[in-house]
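This is final-v2.txt (compact mmCIF, N, CA and C atoms).
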```
# COMPACT_ATOMS: atom_id res chain seq x y z
N MET A 1277 2.83 0.44 78.63
CA MET A 1277 2.83 -0.85 77.97
C MET A 1277 1.43 -1.44 77.93
N LYS A 1278 0.70 -1.33 79.06
CA LYS A 1278 -0.66 -1.86 79.08
C LYS A 1278 -1.53 -1.12 78.06
N PHE A 1279 -1.29 0.16 77.92
CA PHE A 1279 -2.06 0.94 76.95
C PHE A 1279 -1.83 0.43 75.53
N ILE A 1280 -0.59 0.16 75.18
CA ILE A 1280 -0.27 -0.33 73.84
C ILE A 1280 -0.92 -1.68 73.59
N ILE A 1281 -0.84 -2.57 74.57
CA ILE A 1281 -1.46 -3.89 74.42
C ILE A 1281 -2.97 -3.75 74.29
N SER A 1282 -3.55 -2.84 75.06
CA SER A 1282 -5.01 -2.62 74.97
C SER A 1282 -5.39 -2.10 73.59
N MET A 1283 -4.62 -1.18 73.06
CA MET A 1283 -4.92 -0.61 71.74
C MET A 1283 -4.78 -1.68 70.64
N ILE A 1284 -3.77 -2.50 70.74
CA ILE A 1284 -3.59 -3.57 69.76
C ILE A 1284 -4.74 -4.55 69.84
N THR A 1285 -5.16 -4.90 71.04
CA THR A 1285 -6.27 -5.83 71.23
C THR A 1285 -7.57 -5.24 70.67
N ILE A 1286 -7.85 -3.99 70.95
CA ILE A 1286 -9.06 -3.33 70.45
C ILE A 1286 -9.03 -3.28 68.93
N SER A 1287 -7.88 -2.92 68.37
CA SER A 1287 -7.75 -2.86 66.92
C SER A 1287 -8.00 -4.23 66.30
N PHE A 1288 -7.43 -5.27 66.88
CA PHE A 1288 -7.61 -6.63 66.39
C PHE A 1288 -9.08 -7.04 66.44
N LEU A 1289 -9.74 -6.78 67.55
CA LEU A 1289 -11.15 -7.15 67.70
C LEU A 1289 -12.04 -6.37 66.74
N MET A 1290 -11.72 -5.11 66.48
CA MET A 1290 -12.51 -4.32 65.54
C MET A 1290 -12.37 -4.89 64.13
N ASN A 1291 -11.18 -5.31 63.75
CA ASN A 1291 -10.98 -5.90 62.43
C ASN A 1291 -11.73 -7.21 62.30
N LEU A 1292 -11.80 -7.98 63.36
CA LEU A 1292 -12.55 -9.24 63.32
C LEU A 1292 -14.03 -8.98 63.09
N SER A 1293 -14.56 -7.94 63.68
CA SER A 1293 -15.99 -7.68 63.56
C SER A 1293 -16.38 -7.27 62.14
N TYR A 1294 -15.43 -6.76 61.36
CA TYR A 1294 -15.72 -6.35 60.00
C TYR A 1294 -15.45 -7.46 58.98
N ALA A 1295 -14.84 -8.53 59.40
CA ALA A 1295 -14.52 -9.62 58.47
C ALA A 1295 -15.80 -10.31 58.02
N GLN A 1296 -15.93 -10.47 56.73
CA GLN A 1296 -17.09 -11.14 56.17
C GLN A 1296 -16.82 -12.64 56.10
N PRO A 1297 -17.76 -13.44 56.57
CA PRO A 1297 -17.53 -14.88 56.43
C PRO A 1297 -17.53 -15.26 54.95
N GLN A 1298 -16.66 -16.16 54.59
CA GLN A 1298 -16.52 -16.56 53.20
C GLN A 1298 -17.36 -17.81 52.97
N SER A 1299 -18.15 -17.80 51.90
CA SER A 1299 -18.94 -18.99 51.58
C SER A 1299 -18.01 -20.10 51.10
N LYS A 1300 -18.48 -21.34 51.20
CA LYS A 1300 -17.67 -22.46 50.73
C LYS A 1300 -17.45 -22.38 49.21
N ASN A 1301 -18.43 -21.87 48.48
CA ASN A 1301 -18.25 -21.70 47.03
C ASN A 1301 -17.13 -20.71 46.75
N ASP A 1302 -17.15 -19.58 47.47
CA ASP A 1302 -16.09 -18.58 47.28
C ASP A 1302 -14.73 -19.14 47.68
N LEU A 1303 -14.70 -19.92 48.77
CA LEU A 1303 -13.45 -20.53 49.19
C LEU A 1303 -12.95 -21.51 48.14
N ALA A 1304 -13.84 -22.31 47.58
CA ALA A 1304 -13.43 -23.27 46.54
C ALA A 1304 -12.87 -22.53 45.33
N LEU A 1305 -13.53 -21.46 44.89
CA LEU A 1305 -13.01 -20.68 43.75
C LEU A 1305 -11.65 -20.07 44.08
N GLU A 1306 -11.49 -19.60 45.30
CA GLU A 1306 -10.20 -19.04 45.71
C GLU A 1306 -9.11 -20.12 45.70
N LEU A 1307 -9.44 -21.31 46.19
CA LEU A 1307 -8.46 -22.40 46.18
C LEU A 1307 -8.10 -22.81 44.76
N ILE A 1308 -9.10 -22.85 43.87
CA ILE A 1308 -8.84 -23.17 42.46
C ILE A 1308 -7.93 -22.11 41.86
N ASP A 1309 -8.25 -20.86 42.12
CA ASP A 1309 -7.45 -19.76 41.58
C ASP A 1309 -6.02 -19.80 42.14
N ASN A 1310 -5.89 -20.11 43.42
CA ASN A 1310 -4.56 -20.16 44.04
C ASN A 1310 -3.70 -21.28 43.45
N ILE A 1311 -4.29 -22.43 43.24
CA ILE A 1311 -3.52 -23.56 42.70
C ILE A 1311 -3.21 -23.35 41.22
N CYS A 1312 -4.01 -22.53 40.58
CA CYS A 1312 -3.84 -22.26 39.15
C CYS A 1312 -2.44 -21.71 38.85
N GLY A 1313 -1.95 -20.84 39.69
CA GLY A 1313 -0.65 -20.22 39.46
C GLY A 1313 0.49 -21.22 39.38
N ASP A 1314 0.31 -22.37 40.02
CA ASP A 1314 1.36 -23.40 40.02
C ASP A 1314 1.08 -24.51 39.00
N THR A 1315 -0.04 -24.41 38.30
CA THR A 1315 -0.42 -25.51 37.40
C THR A 1315 -0.82 -24.95 36.04
N TRP A 1316 -2.12 -24.91 35.78
CA TRP A 1316 -2.63 -24.56 34.46
C TRP A 1316 -2.22 -23.16 34.03
N CYS A 1317 -2.18 -22.22 34.94
CA CYS A 1317 -1.90 -20.83 34.58
C CYS A 1317 -0.45 -20.60 34.17
N GLU A 1318 0.38 -21.61 34.28
CA GLU A 1318 1.77 -21.53 33.82
C GLU A 1318 1.86 -21.72 32.32
N GLY A 1319 0.75 -22.05 31.68
CA GLY A 1319 0.75 -22.36 30.26
C GLY A 1319 0.49 -21.15 29.38
N ASP A 1320 -0.18 -21.40 28.26
CA ASP A 1320 -0.40 -20.39 27.23
C ASP A 1320 -1.49 -19.38 27.57
N PHE A 1321 -2.36 -19.71 28.51
CA PHE A 1321 -3.54 -18.89 28.75
C PHE A 1321 -3.60 -18.37 30.18
N ASN A 1322 -4.29 -17.25 30.32
CA ASN A 1322 -4.68 -16.77 31.64
C ASN A 1322 -6.06 -17.32 31.93
N PHE A 1323 -6.42 -17.38 33.19
CA PHE A 1323 -7.69 -17.93 33.61
C PHE A 1323 -8.44 -16.96 34.49
N GLU A 1324 -9.75 -16.99 34.38
CA GLU A 1324 -10.62 -16.28 35.30
C GLU A 1324 -11.71 -17.26 35.72
N PHE A 1325 -11.67 -17.70 36.96
CA PHE A 1325 -12.66 -18.65 37.47
C PHE A 1325 -13.87 -17.88 37.93
N LEU A 1326 -15.02 -18.22 37.37
CA LEU A 1326 -16.22 -17.41 37.53
C LEU A 1326 -17.21 -17.95 38.56
N GLU A 1327 -17.43 -19.25 38.55
CA GLU A 1327 -18.50 -19.78 39.39
C GLU A 1327 -18.29 -21.27 39.64
N LEU A 1328 -18.73 -21.70 40.80
CA LEU A 1328 -18.79 -23.12 41.13
C LEU A 1328 -20.22 -23.43 41.52
N GLU A 1329 -20.83 -24.36 40.80
CA GLU A 1329 -22.20 -24.78 41.11
C GLU A 1329 -22.17 -26.25 41.50
N LEU A 1330 -22.76 -26.54 42.64
CA LEU A 1330 -22.83 -27.91 43.12
C LEU A 1330 -24.26 -28.41 42.95
N ASN A 1331 -24.40 -29.56 42.32
CA ASN A 1331 -25.71 -30.20 42.15
C ASN A 1331 -25.64 -31.55 42.87
N ALA A 1332 -26.02 -31.54 44.15
CA ALA A 1332 -25.93 -32.76 44.96
C ALA A 1332 -26.88 -33.84 44.46
N LYS A 1333 -28.01 -33.42 43.91
CA LYS A 1333 -28.99 -34.40 43.42
C LYS A 1333 -28.40 -35.24 42.28
N GLU A 1334 -27.64 -34.58 41.39
CA GLU A 1334 -27.01 -35.28 40.27
C GLU A 1334 -25.54 -35.65 40.57
N ALA A 1335 -25.09 -35.34 41.78
CA ALA A 1335 -23.72 -35.65 42.23
C ALA A 1335 -22.67 -35.12 41.26
N LYS A 1336 -22.72 -33.81 41.01
CA LYS A 1336 -21.71 -33.20 40.15
C LYS A 1336 -21.51 -31.75 40.52
N ALA A 1337 -20.36 -31.25 40.14
CA ALA A 1337 -20.02 -29.84 40.33
C ALA A 1337 -19.61 -29.26 38.99
N LYS A 1338 -20.06 -28.04 38.74
CA LYS A 1338 -19.70 -27.35 37.50
C LYS A 1338 -18.85 -26.14 37.85
N VAL A 1339 -17.66 -26.08 37.26
CA VAL A 1339 -16.77 -24.94 37.44
C VAL A 1339 -16.78 -24.15 36.13
N SER A 1340 -17.28 -22.93 36.20
CA SER A 1340 -17.31 -22.05 35.02
C SER A 1340 -16.08 -21.15 35.06
N PHE A 1341 -15.46 -20.99 33.90
CA PHE A 1341 -14.25 -20.17 33.85
C PHE A 1341 -14.05 -19.62 32.44
N LYS A 1342 -13.12 -18.70 32.37
CA LYS A 1342 -12.78 -18.07 31.10
C LYS A 1342 -11.30 -18.28 30.84
N LEU A 1343 -10.98 -18.76 29.65
CA LEU A 1343 -9.60 -18.84 29.19
C LEU A 1343 -9.31 -17.57 28.40
N ILE A 1344 -8.15 -16.99 28.61
CA ILE A 1344 -7.82 -15.72 27.97
C ILE A 1344 -6.47 -15.87 27.26
N SER A 1345 -6.48 -15.60 25.96
CA SER A 1345 -5.25 -15.60 25.19
C SER A 1345 -4.86 -14.16 24.90
N GLU A 1346 -3.67 -13.79 25.32
CA GLU A 1346 -3.19 -12.42 25.12
C GLU A 1346 -2.03 -12.37 24.15
N TRP A 1347 -1.96 -13.37 23.24
CA TRP A 1347 -0.84 -13.46 22.32
C TRP A 1347 -1.09 -12.73 21.00
N SER A 1348 -2.24 -12.11 20.87
CA SER A 1348 -2.53 -11.35 19.65
C SER A 1348 -2.75 -9.89 20.03
N GLU A 1349 -3.04 -9.06 19.02
CA GLU A 1349 -3.24 -7.63 19.29
C GLU A 1349 -4.37 -7.40 20.27
N GLU A 1350 -5.45 -8.15 20.09
CA GLU A 1350 -6.58 -8.06 21.02
C GLU A 1350 -6.71 -9.39 21.76
N PRO A 1351 -6.94 -9.33 23.07
CA PRO A 1351 -7.12 -10.59 23.81
C PRO A 1351 -8.32 -11.38 23.27
N LYS A 1352 -8.19 -12.67 23.27
CA LYS A 1352 -9.27 -13.56 22.84
C LYS A 1352 -9.74 -14.33 24.07
N PHE A 1353 -11.06 -14.55 24.15
CA PHE A 1353 -11.66 -15.18 25.31
C PHE A 1353 -12.41 -16.44 24.91
N PHE A 1354 -12.40 -17.41 25.79
CA PHE A 1354 -13.14 -18.65 25.60
C PHE A 1354 -13.79 -18.99 26.94
N GLU A 1355 -15.10 -18.74 27.03
CA GLU A 1355 -15.81 -19.03 28.27
C GLU A 1355 -16.37 -20.43 28.19
N THR A 1356 -16.11 -21.22 29.22
CA THR A 1356 -16.47 -22.64 29.20
C THR A 1356 -16.70 -23.11 30.63
N ASP A 1357 -16.92 -24.40 30.77
CA ASP A 1357 -17.05 -24.98 32.12
C ASP A 1357 -16.58 -26.42 32.12
N CYS A 1358 -16.34 -26.90 33.30
CA CYS A 1358 -15.97 -28.30 33.52
C CYS A 1358 -16.95 -28.92 34.50
N MET A 1359 -17.39 -30.12 34.16
CA MET A 1359 -18.27 -30.88 35.05
C MET A 1359 -17.44 -31.97 35.73
N VAL A 1360 -17.49 -31.99 37.04
CA VAL A 1360 -16.79 -33.03 37.80
C VAL A 1360 -17.87 -33.90 38.44
N LYS A 1361 -17.86 -35.17 38.09
CA LYS A 1361 -18.86 -36.11 38.59
C LYS A 1361 -18.46 -36.65 39.96
N ASN A 1362 -19.43 -37.29 40.60
CA ASN A 1362 -19.24 -37.92 41.92
C ASN A 1362 -18.93 -36.90 43.01
N ILE A 1363 -19.53 -35.72 42.89
CA ILE A 1363 -19.39 -34.69 43.91
C ILE A 1363 -20.77 -34.53 44.57
N ASN A 1364 -20.87 -34.96 45.82
CA ASN A 1364 -22.15 -34.93 46.52
C ASN A 1364 -22.30 -33.74 47.46
N SER A 1365 -21.18 -33.15 47.87
CA SER A 1365 -21.23 -32.02 48.78
C SER A 1365 -19.94 -31.23 48.66
N MET A 1366 -19.88 -30.09 49.32
CA MET A 1366 -18.66 -29.30 49.30
C MET A 1366 -17.50 -30.03 49.98
N ASP A 1367 -17.82 -31.02 50.81
CA ASP A 1367 -16.76 -31.83 51.42
C ASP A 1367 -16.03 -32.66 50.38
N ASP A 1368 -16.65 -32.92 49.24
CA ASP A 1368 -15.99 -33.63 48.15
C ASP A 1368 -15.11 -32.69 47.32
N VAL A 1369 -15.27 -31.40 47.53
CA VAL A 1369 -14.48 -30.39 46.82
C VAL A 1369 -13.34 -29.88 47.70
N ILE A 1370 -13.68 -29.53 48.93
CA ILE A 1370 -12.71 -28.92 49.85
C ILE A 1370 -12.41 -29.87 50.99
N GLY A 1371 -11.13 -30.13 51.19
CA GLY A 1371 -10.69 -30.92 52.33
C GLY A 1371 -9.81 -30.05 53.21
N SER A 1372 -9.04 -30.69 54.03
CA SER A 1372 -8.17 -29.96 54.94
C SER A 1372 -6.85 -30.70 55.07
N TYR A 1373 -5.79 -29.95 55.13
CA TYR A 1373 -4.46 -30.51 55.36
C TYR A 1373 -3.78 -29.65 56.40
N ARG A 1374 -3.44 -30.26 57.52
CA ARG A 1374 -2.82 -29.54 58.63
C ARG A 1374 -3.64 -28.32 59.05
N GLY A 1375 -4.95 -28.50 59.04
CA GLY A 1375 -5.84 -27.44 59.49
C GLY A 1375 -6.12 -26.35 58.47
N ARG A 1376 -5.58 -26.48 57.27
CA ARG A 1376 -5.79 -25.47 56.23
C ARG A 1376 -6.64 -26.06 55.12
N PRO A 1377 -7.56 -25.29 54.57
CA PRO A 1377 -8.39 -25.82 53.48
C PRO A 1377 -7.58 -26.03 52.21
N GLU A 1378 -7.93 -27.08 51.49
CA GLU A 1378 -7.31 -27.34 50.19
C GLU A 1378 -8.31 -28.14 49.35
N LEU A 1379 -8.07 -28.17 48.05
CA LEU A 1379 -8.93 -28.95 47.17
C LEU A 1379 -8.68 -30.44 47.41
N ASN A 1380 -9.75 -31.21 47.42
CA ASN A 1380 -9.60 -32.66 47.52
C ASN A 1380 -8.93 -33.19 46.26
N ASP A 1381 -8.14 -34.24 46.42
CA ASP A 1381 -7.36 -34.79 45.31
C ASP A 1381 -8.22 -35.18 44.12
N TYR A 1382 -9.30 -35.91 44.37
CA TYR A 1382 -10.15 -36.37 43.27
C TYR A 1382 -10.70 -35.18 42.48
N PHE A 1383 -11.23 -34.19 43.19
CA PHE A 1383 -11.79 -33.01 42.51
C PHE A 1383 -10.71 -32.30 41.71
N TYR A 1384 -9.55 -32.09 42.31
CA TYR A 1384 -8.45 -31.41 41.63
C TYR A 1384 -8.01 -32.17 40.37
N GLU A 1385 -7.86 -33.47 40.49
CA GLU A 1385 -7.39 -34.27 39.34
C GLU A 1385 -8.40 -34.26 38.20
N GLU A 1386 -9.67 -34.41 38.52
CA GLU A 1386 -10.70 -34.40 37.48
C GLU A 1386 -10.81 -33.02 36.84
N LEU A 1387 -10.74 -31.98 37.63
CA LEU A 1387 -10.78 -30.62 37.10
C LEU A 1387 -9.56 -30.37 36.21
N SER A 1388 -8.40 -30.84 36.62
CA SER A 1388 -7.18 -30.67 35.81
C SER A 1388 -7.31 -31.32 34.45
N LEU A 1389 -7.85 -32.54 34.40
CA LEU A 1389 -8.05 -33.23 33.12
C LEU A 1389 -8.98 -32.44 32.21
N CYS A 1390 -10.07 -31.96 32.78
CA CYS A 1390 -11.04 -31.20 32.00
C CYS A 1390 -10.43 -29.89 31.49
N ILE A 1391 -9.70 -29.19 32.36
CA ILE A 1391 -9.08 -27.93 31.95
C ILE A 1391 -8.10 -28.16 30.81
N SER A 1392 -7.34 -29.24 30.88
CA SER A 1392 -6.40 -29.56 29.78
C SER A 1392 -7.16 -29.76 28.47
N ASP A 1393 -8.29 -30.46 28.53
CA ASP A 1393 -9.12 -30.65 27.33
C ASP A 1393 -9.63 -29.32 26.80
N LYS A 1394 -10.08 -28.43 27.69
CA LYS A 1394 -10.61 -27.12 27.27
C LYS A 1394 -9.51 -26.24 26.68
N GLU A 1395 -8.30 -26.35 27.22
CA GLU A 1395 -7.18 -25.60 26.64
C GLU A 1395 -6.91 -26.05 25.21
N GLU A 1396 -6.98 -27.34 24.97
CA GLU A 1396 -6.75 -27.89 23.63
C GLU A 1396 -7.83 -27.40 22.67
N ILE A 1397 -9.07 -27.39 23.11
CA ILE A 1397 -10.17 -26.89 22.28
C ILE A 1397 -9.93 -25.43 21.92
N PHE A 1398 -9.53 -24.62 22.90
CA PHE A 1398 -9.29 -23.20 22.65
C PHE A 1398 -8.10 -23.01 21.70
N ARG A 1399 -7.05 -23.81 21.85
CA ARG A 1399 -5.90 -23.74 20.93
C ARG A 1399 -6.35 -24.00 19.49
N ASN A 1400 -7.19 -25.02 19.32
CA ASN A 1400 -7.71 -25.35 17.98
C ASN A 1400 -8.55 -24.22 17.43
N ILE A 1401 -9.36 -23.61 18.25
CA ILE A 1401 -10.18 -22.47 17.81
C ILE A 1401 -9.27 -21.34 17.35
N LEU A 1402 -8.24 -21.04 18.11
CA LEU A 1402 -7.33 -19.94 17.77
C LEU A 1402 -6.56 -20.23 16.49
N GLU A 1403 -6.17 -21.45 16.29
CA GLU A 1403 -5.40 -21.84 15.09
C GLU A 1403 -6.25 -21.80 13.84
N ASN A 1404 -7.55 -22.04 13.97
CA ASN A 1404 -8.43 -22.09 12.81
C ASN A 1404 -9.06 -20.75 12.46
N LYS A 1405 -8.69 -19.70 13.17
CA LYS A 1405 -9.25 -18.37 12.87
C LYS A 1405 -8.39 -17.64 11.88
```
I'd like the structure from this file rewritten - as structure tokens, please.
Amino acid sequence: MKFIISMITISFLMNLSYAQPQSKNDLALELIDNICGDTWCEGDFNFEFLELELNAKEAKAKVSFKLISEWSEEPKFFETDCMVKNINSMDDVIGSYRGRPELNDYFYEELSLCISDKEEIFRNILENK
């Protein structure tokens, strides 16, 4: 029994040593992507979130992403971004709930409004082609 516990402990510690720390930008993109499945991604388009840039000097964050329409023979893409104002640090983007990281409400709500606007722009582009 001690041998089994020792092997499990060694295996666990070895896996920890190989874990790469995740940057806050990567975590924010992961949180955006995770919430997407329950919100925007339920609509007409697929999403690929590409980058989050924080400009503390100008107090804004830019989320770059791609909207993908797969309703035609060939997928159509619309690469765009959303600017969220009043973001001074990653703490304005990522908060915590019960010890787990999550998007702050203000950031999420502003990003949602912008994404809805970008979806409408892409719909108009597709309709006019």
Item to complete: For each of A:Leu1343, A:Ala1332, A:Ala1337, A:Ile1370, take the minimum atom-to-atom distance to Phe1398 (chain A), counting all atoms listed in the file, then give the residue where this is smallest.
Response: A:Leu1343
Fill in: Distance criterion (only C-alpha atoms): nearest to Leu1379 (chain A) out of A:Ile1308, A:Asp1302, A:Lys1361, A:Glu1355
A:Ile1308
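Using all atoms listed in the file, the shortest contact distance between Lys1394 (chain A) and any of A:Asp1381, A:Leu1328, A:Asn1362, A:Thr1356 is found at A:Thr1356.
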Discussion item. When you count only N, CA and C atoms, which of these residues is closest to Phe1341 (chain A): A:Tyr1373, A:Phe1323, A:Trp1316, A:Tyr1384?
Written reply: A:Phe1323
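Closest approach to Ile1363 (chain A) among A:Leu1326, A:Ile1391, A:Ala1335, A:Cys1317 is made by A:Ala1335 (distances from all atoms listed in the file).
Compared by their closest atoms to Val1369 (chain A), and using only C-alpha atoms, the residues A:Ile1311, A:Leu1305, A:Phe1383, A:Asn1404 rank with A:Phe1383 nearest.
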Residues within 8 Å of Tyr1382 (chain A), only N, CA and C atoms, excluding chain neighbours under 6 positions, as a PDB file with N, CA and C atoms, in the frame of the given file:
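The resulting around_10.pdb:
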```
ATOM      1  N   VAL A1360     -17.490 -31.990  37.040  1.00  0.00           N
ATOM      2  CA  VAL A1360     -16.790 -33.030  37.800  1.00  0.00           C
ATOM      3  C   VAL A1360     -17.870 -33.900  38.440  1.00  0.00           C
ATOM      4  N   ASP A1368     -16.650 -32.920  49.240  1.00  0.00           N
ATOM      5  CA  ASP A1368     -15.990 -33.630  48.150  1.00  0.00           C
ATOM      6  C   ASP A1368     -15.110 -32.690  47.320  1.00  0.00           C
ATOM      7  N   VAL A1369     -15.270 -31.400  47.530  1.00  0.00           N
ATOM      8  CA  VAL A1369     -14.480 -30.390  46.820  1.00  0.00           C
ATOM      9  C   VAL A1369     -13.340 -29.880  47.700  1.00  0.00           C
ATOM     10  N   SER A1388      -8.400 -30.840  36.620  1.00  0.00           N
ATOM     11  CA  SER A1388      -7.180 -30.670  35.810  1.00  0.00           C
ATOM     12  C   SER A1388      -7.310 -31.320  34.450  1.00  0.00           C
TER      13      SER A1388
END
```
Alpha helix (DSSP H) residues, from DSSP on the backbone, in chain A, as a CSV table (one decimal) with N, CA and C atoms, keeping the file's coordinate frame:
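As a result, selection17.csv now contains:
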```
chain,number,residue,atom,x,y,z
A,1278,LYS,N,0.7,-1.3,79.1
A,1278,LYS,CA,-0.7,-1.9,79.1
A,1278,LYS,C,-1.5,-1.1,78.1
A,1279,PHE,N,-1.3,0.2,77.9
A,1279,PHE,CA,-2.1,0.9,77.0
A,1279,PHE,C,-1.8,0.4,75.5
A,1280,ILE,N,-0.6,0.2,75.2
A,1280,ILE,CA,-0.3,-0.3,73.8
A,1280,ILE,C,-0.9,-1.7,73.6
A,1281,ILE,N,-0.8,-2.6,74.6
A,1281,ILE,CA,-1.5,-3.9,74.4
A,1281,ILE,C,-3.0,-3.8,74.3
A,1282,SER,N,-3.6,-2.8,75.1
A,1282,SER,CA,-5.0,-2.6,75.0
A,1282,SER,C,-5.4,-2.1,73.6
A,1283,MET,N,-4.6,-1.2,73.1
A,1283,MET,CA,-4.9,-0.6,71.7
A,1283,MET,C,-4.8,-1.7,70.6
A,1284,ILE,N,-3.8,-2.5,70.7
A,1284,ILE,CA,-3.6,-3.6,69.8
A,1284,ILE,C,-4.7,-4.6,69.8
A,1285,THR,N,-5.2,-4.9,71.0
A,1285,THR,CA,-6.3,-5.8,71.2
A,1285,THR,C,-7.6,-5.2,70.7
A,1286,ILE,N,-7.8,-4.0,71.0
A,1286,ILE,CA,-9.1,-3.3,70.4
A,1286,ILE,C,-9.0,-3.3,68.9
A,1287,SER,N,-7.9,-2.9,68.4
A,1287,SER,CA,-7.8,-2.9,66.9
A,1287,SER,C,-8.0,-4.2,66.3
A,1288,PHE,N,-7.4,-5.3,66.9
A,1288,PHE,CA,-7.6,-6.6,66.4
A,1288,PHE,C,-9.1,-7.0,66.4
A,1289,LEU,N,-9.7,-6.8,67.6
A,1289,LEU,CA,-11.2,-7.2,67.7
A,1289,LEU,C,-12.0,-6.4,66.7
A,1290,MET,N,-11.7,-5.1,66.5
A,1290,MET,CA,-12.5,-4.3,65.5
A,1290,MET,C,-12.4,-4.9,64.1
A,1291,ASN,N,-11.2,-5.3,63.8
A,1291,ASN,CA,-11.0,-5.9,62.4
A,1291,ASN,C,-11.7,-7.2,62.3
A,1292,LEU,N,-11.8,-8.0,63.4
A,1292,LEU,CA,-12.6,-9.2,63.3
A,1292,LEU,C,-14.0,-9.0,63.1
A,1293,SER,N,-14.6,-7.9,63.7
A,1293,SER,CA,-16.0,-7.7,63.6
A,1293,SER,C,-16.4,-7.3,62.1
A,1294,TYR,N,-15.4,-6.8,61.4
A,1294,TYR,CA,-15.7,-6.4,60.0
A,1294,TYR,C,-15.4,-7.5,59.0
A,1300,LYS,N,-18.5,-21.3,51.2
A,1300,LYS,CA,-17.7,-22.5,50.7
A,1300,LYS,C,-17.4,-22.4,49.2
A,1301,ASN,N,-18.4,-21.9,48.5
A,1301,ASN,CA,-18.2,-21.7,47.0
A,1301,ASN,C,-17.1,-20.7,46.8
A,1302,ASP,N,-17.2,-19.6,47.5
A,1302,ASP,CA,-16.1,-18.6,47.3
A,1302,ASP,C,-14.7,-19.1,47.7
A,1303,LEU,N,-14.7,-19.9,48.8
A,1303,LEU,CA,-13.4,-20.5,49.2
A,1303,LEU,C,-13.0,-21.5,48.1
A,1304,ALA,N,-13.8,-22.3,47.6
A,1304,ALA,CA,-13.4,-23.3,46.5
A,1304,ALA,C,-12.9,-22.5,45.3
A,1305,LEU,N,-13.5,-21.5,44.9
A,1305,LEU,CA,-13.0,-20.7,43.8
A,1305,LEU,C,-11.6,-20.1,44.1
A,1306,GLU,N,-11.5,-19.6,45.3
A,1306,GLU,CA,-10.2,-19.0,45.7
A,1306,GLU,C,-9.1,-20.1,45.7
A,1307,LEU,N,-9.4,-21.3,46.2
A,1307,LEU,CA,-8.5,-22.4,46.2
A,1307,LEU,C,-8.1,-22.8,44.8
A,1308,ILE,N,-9.1,-22.8,43.9
A,1308,ILE,CA,-8.8,-23.2,42.5
A,1308,ILE,C,-7.9,-22.1,41.9
A,1309,ASP,N,-8.2,-20.9,42.1
A,1309,ASP,CA,-7.4,-19.8,41.6
A,1309,ASP,C,-6.0,-19.8,42.1
A,1310,ASN,N,-5.9,-20.1,43.4
A,1310,ASN,CA,-4.6,-20.2,44.0
A,1310,ASN,C,-3.7,-21.3,43.4
A,1311,ILE,N,-4.3,-22.4,43.2
A,1311,ILE,CA,-3.5,-23.6,42.7
A,1311,ILE,C,-3.2,-23.4,41.2
A,1312,CYS,N,-4.0,-22.5,40.6
A,1312,CYS,CA,-3.8,-22.3,39.2
A,1312,CYS,C,-2.4,-21.7,38.8
A,1381,ASP,N,-8.1,-34.2,46.4
A,1381,ASP,CA,-7.4,-34.8,45.3
A,1381,ASP,C,-8.2,-35.2,44.1
A,1382,TYR,N,-9.3,-35.9,44.4
A,1382,TYR,CA,-10.2,-36.4,43.3
A,1382,TYR,C,-10.7,-35.2,42.5
A,1383,PHE,N,-11.2,-34.2,43.2
A,1383,PHE,CA,-11.8,-33.0,42.5
A,1383,PHE,C,-10.7,-32.3,41.7
A,1384,TYR,N,-9.6,-32.1,42.3
A,1384,TYR,CA,-8.4,-31.4,41.6
A,1384,TYR,C,-8.0,-32.2,40.4
A,1385,GLU,N,-7.9,-33.5,40.5
A,1385,GLU,CA,-7.4,-34.3,39.3
A,1385,GLU,C,-8.4,-34.3,38.2
A,1386,GLU,N,-9.7,-34.4,38.5
A,1386,GLU,CA,-10.7,-34.4,37.5
A,1386,GLU,C,-10.8,-33.0,36.8
A,1387,LEU,N,-10.7,-32.0,37.6
A,1387,LEU,CA,-10.8,-30.6,37.1
A,1387,LEU,C,-9.6,-30.4,36.2
A,1388,SER,N,-8.4,-30.8,36.6
A,1388,SER,CA,-7.2,-30.7,35.8
A,1388,SER,C,-7.3,-31.3,34.4
A,1389,LEU,N,-7.8,-32.5,34.4
A,1389,LEU,CA,-8.0,-33.2,33.1
A,1389,LEU,C,-9.0,-32.4,32.2
A,1390,CYS,N,-10.1,-32.0,32.8
A,1390,CYS,CA,-11.0,-31.2,32.0
A,1390,CYS,C,-10.4,-29.9,31.5
A,1391,ILE,N,-9.7,-29.2,32.4
A,1391,ILE,CA,-9.1,-27.9,32.0
A,1391,ILE,C,-8.1,-28.2,30.8
A,1392,SER,N,-7.3,-29.2,30.9
A,1392,SER,CA,-6.4,-29.6,29.8
A,1392,SER,C,-7.2,-29.8,28.5
A,1393,ASP,N,-8.3,-30.5,28.5
A,1393,ASP,CA,-9.1,-30.6,27.3
A,1393,ASP,C,-9.6,-29.3,26.8
A,1394,LYS,N,-10.1,-28.4,27.7
A,1394,LYS,CA,-10.6,-27.1,27.3
A,1394,LYS,C,-9.5,-26.2,26.7
A,1395,GLU,N,-8.3,-26.4,27.2
A,1395,GLU,CA,-7.2,-25.6,26.6
A,1395,GLU,C,-6.9,-26.0,25.2
A,1396,GLU,N,-7.0,-27.3,25.0
A,1396,GLU,CA,-6.8,-27.9,23.6
A,1396,GLU,C,-7.8,-27.4,22.7
A,1397,ILE,N,-9.1,-27.4,23.1
A,1397,ILE,CA,-10.2,-26.9,22.3
A,1397,ILE,C,-9.9,-25.4,21.9
A,1398,PHE,N,-9.5,-24.6,22.9
A,1398,PHE,CA,-9.3,-23.2,22.6
A,1398,PHE,C,-8.1,-23.0,21.7
A,1399,ARG,N,-7.0,-23.8,21.8
A,1399,ARG,CA,-5.9,-23.7,20.9
A,1399,ARG,C,-6.4,-24.0,19.5
A,1400,ASN,N,-7.2,-25.0,19.3
A,1400,ASN,CA,-7.7,-25.4,18.0
A,1400,ASN,C,-8.6,-24.2,17.4
A,1401,ILE,N,-9.4,-23.6,18.2
A,1401,ILE,CA,-10.2,-22.5,17.8
A,1401,ILE,C,-9.3,-21.3,17.4
A,1402,LEU,N,-8.2,-21.0,18.1
A,1402,LEU,CA,-7.3,-19.9,17.8
A,1402,LEU,C,-6.6,-20.2,16.5
A,1403,GLU,N,-6.2,-21.4,16.3
A,1403,GLU,CA,-5.4,-21.8,15.1
A,1403,GLU,C,-6.2,-21.8,13.8
```
